[in-house]
Amino acid sequence: MTAPQAAGQRYLALAGEPISFHHIALALRTRLGEAAAKAPTGSAPAWLLRMLATVNPALRETVPQLGVVRRASNAKARKELDWSPRSNEDAVVATAESLVRLGLLNG
């Protein structure tokens, strides 16, 4: 960072509101077309995941996180650095485009 007031400070570089995996998949499918054809857009209710976790060890670790929304603030960076982030959707799509361009996605 080049802003003098940023020396020794920490800032959260996040777009703002949390975004669900469902909305990430929809953004990818909408904006990347065929490159995101395998992005799952379905969702399952929490009760079903809890039930499946009783027989599927891989799902057990997700159960405590069901319904948890983690929030953080970028207010300090906006105020002190006059910074504006790109939208969640733009950030996700730009990341995916980079992965496609670098050939890091399978199939």
# chains A, B, ... in the order shown; residues from 1 in each chain; ligands from 1
>>> closest_atom_pairs(of="range 67-99 of chain A", to="range 38-57 of chain A", cutoff="12 Å", atoms="only C-alpha atoms", output="Markdown table")
| residue | atom | partner | partner_atom | distance |
| --- | --- | --- | --- | --- |
| A:Gly67 | CA | A:Ala46 | CA | 7.8 |
| A:Val68 | CA | A:Ala46 | CA | 11.2 |
| A:Ala96 | CA | A:Ala39 | CA | 11.1 |
>>> select_by_dssp(residues="chain A", states="alpha helix (DSSP H)", output="PyMOL selection string")
chain A and resi 21-32+46-53+57-60+75-81+88-101
>>> residues_around(residues="range 81-90 of chain A", least_positions_apart="2", cutoff="12 Å", atoms="only C-alpha atoms", output="ChimeraX atom specification")
/A:1-7,9-32,73-79,92-97
>>> write_last_selection(atoms="N, CA and C atoms", output="short mmCIF file (atom, residue, chain, number, x, y, z; two decimals), in the first residue's frame")
data_model
loop_
_atom_site.label_atom_id
_atom_site.label_comp_id
_atom_site.auth_asym_id
_atom_site.auth_seq_id
_atom_site.Cartn_x
_atom_site.Cartn_y
_atom_site.Cartn_z
N MET A 1 0.84 -1.17 0.00
CA MET A 1 0.00 0.00 0.00
C MET A 1 0.88 1.24 0.00
N THR A 2 0.41 2.24 -0.63
CA THR A 2 1.19 3.46 -0.73
C THR A 2 0.66 4.59 0.14
N ALA A 3 -0.54 4.45 0.70
CA ALA A 3 -1.10 5.49 1.55
C ALA A 3 -0.33 5.56 2.87
N PRO A 4 0.19 6.71 3.23
CA PRO A 4 0.97 6.83 4.46
C PRO A 4 0.21 6.35 5.70
N GLN A 5 -1.08 6.61 5.77
CA GLN A 5 -1.87 6.21 6.94
C GLN A 5 -2.03 4.70 7.04
N ALA A 6 -1.67 3.97 6.00
CA ALA A 6 -1.80 2.52 6.01
C ALA A 6 -0.62 1.82 6.69
N ALA A 7 0.44 2.56 6.95
CA ALA A 7 1.64 1.96 7.55
C ALA A 7 1.29 1.31 8.89
N GLN A 9 -0.97 -0.80 9.57
CA GLN A 9 -2.39 -1.08 9.75
C GLN A 9 -2.79 -2.35 9.01
N ARG A 10 -3.93 -2.89 9.40
CA ARG A 10 -4.52 -4.04 8.70
C ARG A 10 -5.89 -3.64 8.20
N TYR A 11 -6.19 -4.09 7.00
CA TYR A 11 -7.47 -3.77 6.37
C TYR A 11 -8.08 -5.04 5.79
N LEU A 12 -9.39 -5.13 5.85
CA LEU A 12 -10.09 -6.26 5.26
C LEU A 12 -10.52 -5.88 3.85
N ALA A 13 -10.05 -6.62 2.88
CA ALA A 13 -10.40 -6.37 1.48
C ALA A 13 -11.49 -7.35 1.09
N LEU A 14 -12.72 -6.98 1.39
CA LEU A 14 -13.86 -7.82 1.04
C LEU A 14 -14.96 -6.95 0.47
N ALA A 15 -15.79 -7.56 -0.35
CA ALA A 15 -16.79 -6.79 -1.08
C ALA A 15 -17.91 -6.27 -0.19
N GLY A 16 -18.20 -6.95 0.86
CA GLY A 16 -19.29 -6.51 1.73
C GLY A 16 -20.08 -7.68 2.24
N GLU A 17 -21.29 -7.81 1.78
CA GLU A 17 -22.17 -8.87 2.27
C GLU A 17 -21.68 -10.25 1.83
N PRO A 18 -21.89 -11.25 2.69
CA PRO A 18 -21.51 -12.62 2.31
C PRO A 18 -22.29 -13.09 1.09
N ILE A 19 -21.72 -14.03 0.37
CA ILE A 19 -22.37 -14.59 -0.82
C ILE A 19 -22.40 -16.11 -0.66
N SER A 20 -23.51 -16.71 -1.00
CA SER A 20 -23.66 -18.16 -0.84
C SER A 20 -23.00 -18.90 -2.01
N PHE A 21 -22.70 -20.17 -1.78
CA PHE A 21 -22.15 -21.00 -2.85
C PHE A 21 -23.14 -21.08 -4.00
N HIS A 22 -24.42 -21.09 -3.69
CA HIS A 22 -25.46 -21.14 -4.72
C HIS A 22 -25.36 -19.91 -5.63
N HIS A 23 -25.22 -18.73 -5.02
CA HIS A 23 -25.12 -17.51 -5.82
C HIS A 23 -23.80 -17.44 -6.60
N ILE A 24 -22.74 -17.99 -6.03
CA ILE A 24 -21.47 -18.06 -6.75
C ILE A 24 -21.65 -18.91 -8.01
N ALA A 25 -22.27 -20.08 -7.86
CA ALA A 25 -22.48 -20.97 -9.01
C ALA A 25 -23.34 -20.30 -10.07
N LEU A 26 -24.38 -19.61 -9.65
CA LEU A 26 -25.25 -18.92 -10.62
C LEU A 26 -24.49 -17.84 -11.37
N ALA A 27 -23.65 -17.09 -10.67
CA ALA A 27 -22.86 -16.04 -11.32
C ALA A 27 -21.90 -16.65 -12.33
N LEU A 28 -21.28 -17.75 -11.95
CA LEU A 28 -20.34 -18.40 -12.87
C LEU A 28 -21.04 -18.92 -14.11
N ARG A 29 -22.17 -19.58 -13.91
CA ARG A 29 -22.91 -20.12 -15.07
C ARG A 29 -23.40 -19.01 -15.98
N THR A 30 -23.86 -17.92 -15.38
CA THR A 30 -24.40 -16.81 -16.16
C THR A 30 -23.31 -16.11 -16.97
N ARG A 31 -22.16 -15.89 -16.34
CA ARG A 31 -21.15 -15.06 -16.97
C ARG A 31 -20.04 -15.84 -17.68
N LEU A 32 -19.87 -17.12 -17.36
CA LEU A 32 -18.80 -17.89 -18.00
C LEU A 32 -19.32 -18.93 -18.98
N SER A 73 -16.34 -6.41 8.15
CA SER A 73 -16.55 -5.07 7.64
C SER A 73 -15.32 -4.54 6.91
N ASN A 74 -15.56 -3.87 5.81
CA ASN A 74 -14.49 -3.20 5.08
C ASN A 74 -14.54 -1.69 5.30
N ALA A 75 -15.29 -1.25 6.31
CA ALA A 75 -15.50 0.17 6.56
C ALA A 75 -14.18 0.92 6.78
N LYS A 76 -13.26 0.31 7.50
CA LYS A 76 -11.98 0.96 7.76
C LYS A 76 -11.23 1.25 6.46
N ALA A 77 -11.16 0.27 5.57
CA ALA A 77 -10.48 0.46 4.29
C ALA A 77 -11.20 1.49 3.42
N ARG A 78 -12.51 1.45 3.43
CA ARG A 78 -13.29 2.43 2.65
C ARG A 78 -13.04 3.85 3.15
N LYS A 79 -13.07 4.00 4.46
CA LYS A 79 -12.94 5.34 5.06
C LYS A 79 -11.50 5.85 4.98
N VAL A 92 -15.63 -13.07 -8.06
CA VAL A 92 -15.72 -14.51 -8.29
C VAL A 92 -15.49 -14.83 -9.76
N VAL A 93 -16.12 -14.08 -10.63
CA VAL A 93 -15.99 -14.34 -12.07
C VAL A 93 -14.56 -14.05 -12.54
N ALA A 94 -13.94 -12.98 -12.05
CA ALA A 94 -12.56 -12.68 -12.44
C ALA A 94 -11.62 -13.79 -11.99
N THR A 95 -11.84 -14.33 -10.80
CA THR A 95 -11.01 -15.44 -10.32
C THR A 95 -11.19 -16.65 -11.22
N ALA A 96 -12.42 -16.98 -11.54
CA ALA A 96 -12.69 -18.14 -12.40
C ALA A 96 -12.09 -17.94 -13.78
N GLU A 97 -12.20 -16.73 -14.32
CA GLU A 97 -11.61 -16.47 -15.65
C GLU A 97 -10.09 -16.69 -15.62
#
>>> atom_distance(atom1="CA of Leu99 in chain A", atom2="CA of Ala35 in chain A")
10.2 Å
>>> atom_distance(atom1="CA of Gln65 in chain A", atom2="CA of Ala91 in chain A")
23.4 Å
>>> decode(residues="range 63-88 of chain A", atoms="N, CA, C and O atoms", output="mmCIF file, in the first residue's frame")
data_model
loop_
_atom_site.group_PDB
_atom_site.id
_atom_site.type_symbol
_atom_site.label_atom_id
_atom_site.label_comp_id
_atom_site.auth_asym_id
_atom_site.auth_seq_id
_atom_site.Cartn_x
_atom_site.Cartn_y
_atom_site.Cartn_z
ATOM 1 N N VAL A 63 -21.903 -29.916 9.051
ATOM 2 C CA VAL A 63 -23.112 -29.712 9.857
ATOM 3 C C VAL A 63 -23.004 -28.523 10.817
ATOM 4 O O VAL A 63 -23.928 -27.712 10.890
ATOM 5 N N PRO A 64 -21.900 -28.348 11.555
ATOM 6 C CA PRO A 64 -21.844 -27.199 12.469
ATOM 7 C C PRO A 64 -21.891 -25.851 11.752
ATOM 8 O O PRO A 64 -22.207 -24.829 12.366
ATOM 9 N N GLN A 65 -21.588 -25.824 10.470
ATOM 10 C CA GLN A 65 -21.575 -24.567 9.721
ATOM 11 C C GLN A 65 -22.895 -24.252 9.019
ATOM 12 O O GLN A 65 -23.049 -23.157 8.472
ATOM 13 N N LEU A 66 -23.835 -25.191 9.052
ATOM 14 C CA LEU A 66 -25.119 -24.953 8.378
ATOM 15 C C LEU A 66 -25.814 -23.740 8.994
ATOM 16 O O LEU A 66 -25.979 -23.645 10.200
ATOM 17 N N GLY A 67 -26.197 -22.831 8.147
ATOM 18 C CA GLY A 67 -26.919 -21.643 8.600
ATOM 19 C C GLY A 67 -26.039 -20.559 9.192
ATOM 20 O O GLY A 67 -26.528 -19.481 9.544
ATOM 21 N N VAL A 68 -24.745 -20.794 9.308
ATOM 22 C CA VAL A 68 -23.838 -19.793 9.867
ATOM 23 C C VAL A 68 -23.449 -18.808 8.765
ATOM 24 O O VAL A 68 -23.026 -19.205 7.687
ATOM 25 N N VAL A 69 -23.626 -17.536 9.039
ATOM 26 C CA VAL A 69 -23.223 -16.496 8.099
ATOM 27 C C VAL A 69 -22.150 -15.667 8.786
ATOM 28 O O VAL A 69 -22.385 -15.085 9.840
ATOM 29 N N ARG A 70 -20.977 -15.651 8.210
ATOM 30 C CA ARG A 70 -19.866 -14.893 8.794
ATOM 31 C C ARG A 70 -19.821 -13.516 8.137
ATOM 32 O O ARG A 70 -19.785 -13.403 6.928
ATOM 33 N N ARG A 71 -19.809 -12.516 8.961
ATOM 34 C CA ARG A 71 -19.785 -11.144 8.451
ATOM 35 C C ARG A 71 -18.509 -10.447 8.914
ATOM 36 O O ARG A 71 -18.027 -10.696 10.004
ATOM 37 N N ALA A 72 -18.010 -9.582 8.076
ATOM 38 C CA ALA A 72 -16.860 -8.759 8.402
ATOM 39 C C ALA A 72 -17.094 -7.400 7.736
ATOM 40 O O ALA A 72 -17.949 -7.269 6.872
ATOM 41 N N SER A 73 -16.341 -6.412 8.153
ATOM 42 C CA SER A 73 -16.552 -5.067 7.640
ATOM 43 C C SER A 73 -15.317 -4.540 6.913
ATOM 44 O O SER A 73 -14.184 -4.727 7.368
ATOM 45 N N ASN A 74 -15.557 -3.866 5.809
ATOM 46 C CA ASN A 74 -14.486 -3.203 5.082
ATOM 47 C C ASN A 74 -14.536 -1.692 5.298
ATOM 48 O O ASN A 74 -13.896 -0.928 4.600
ATOM 49 N N ALA A 75 -15.289 -1.254 6.312
ATOM 50 C CA ALA A 75 -15.498 0.172 6.565
ATOM 51 C C ALA A 75 -14.183 0.916 6.781
ATOM 52 O O ALA A 75 -14.015 2.050 6.313
ATOM 53 N N LYS A 76 -13.255 0.307 7.496
ATOM 54 C CA LYS A 76 -11.976 0.964 7.761
ATOM 55 C C LYS A 76 -11.231 1.246 6.463
ATOM 56 O O LYS A 76 -10.722 2.356 6.251
ATOM 57 N N ALA A 77 -11.164 0.268 5.567
ATOM 58 C CA ALA A 77 -10.479 0.463 4.286
ATOM 59 C C ALA A 77 -11.201 1.493 3.424
ATOM 60 O O ALA A 77 -10.564 2.330 2.768
ATOM 61 N N ARG A 78 -12.513 1.455 3.427
ATOM 62 C CA ARG A 78 -13.292 2.425 2.646
ATOM 63 C C ARG A 78 -13.039 3.845 3.148
ATOM 64 O O ARG A 78 -12.838 4.770 2.362
ATOM 65 N N LYS A 79 -13.066 4.002 4.456
ATOM 66 C CA LYS A 79 -12.941 5.338 5.055
ATOM 67 C C LYS A 79 -11.502 5.852 4.980
ATOM 68 O O LYS A 79 -11.259 6.952 4.496
ATOM 69 N N GLU A 80 -10.562 5.068 5.474
ATOM 70 C CA GLU A 80 -9.190 5.551 5.594
ATOM 71 C C GLU A 80 -8.434 5.568 4.270
ATOM 72 O O GLU A 80 -7.528 6.380 4.091
ATOM 73 N N LEU A 81 -8.777 4.689 3.365
ATOM 74 C CA LEU A 81 -8.047 4.586 2.099
ATOM 75 C C LEU A 81 -8.862 5.055 0.897
ATOM 76 O O LEU A 81 -8.382 4.989 -0.235
ATOM 77 N N ASP A 82 -10.102 5.462 1.152
ATOM 78 C CA ASP A 82 -11.008 5.852 0.069
ATOM 79 C C ASP A 82 -11.061 4.747 -0.985
ATOM 80 O O ASP A 82 -10.943 4.971 -2.178
ATOM 81 N N TRP A 83 -11.249 3.519 -0.492
ATOM 82 C CA TRP A 83 -11.200 2.317 -1.319
ATOM 83 C C TRP A 83 -12.603 1.811 -1.606
ATOM 84 O O TRP A 83 -13.486 1.880 -0.753
ATOM 85 N N SER A 84 -12.804 1.320 -2.798
ATOM 86 C CA SER A 84 -14.077 0.706 -3.171
ATOM 87 C C SER A 84 -13.800 -0.647 -3.802
ATOM 88 O O SER A 84 -13.080 -0.713 -4.814
ATOM 89 N N PRO A 85 -14.348 -1.711 -3.229
ATOM 90 C CA PRO A 85 -14.107 -3.035 -3.798
ATOM 91 C C PRO A 85 -14.996 -3.299 -5.006
ATOM 92 O O PRO A 85 -16.010 -2.638 -5.198
ATOM 93 N N ARG A 86 -14.602 -4.283 -5.795
ATOM 94 C CA ARG A 86 -15.491 -4.745 -6.852
ATOM 95 C C ARG A 86 -16.582 -5.583 -6.195
ATOM 96 O O ARG A 86 -16.443 -5.988 -5.049
ATOM 97 N N SER A 87 -17.631 -5.871 -6.916
ATOM 98 C CA SER A 87 -18.729 -6.660 -6.359
ATOM 99 C C SER A 87 -18.292 -8.102 -6.129
ATOM 100 O O SER A 87 -17.315 -8.573 -6.724
ATOM 101 N N ASN A 88 -19.020 -8.799 -5.264
ATOM 102 C CA ASN A 88 -18.752 -10.221 -5.042
ATOM 103 C C ASN A 88 -18.758 -10.970 -6.370
ATOM 104 O O ASN A 88 -17.873 -11.775 -6.652
#
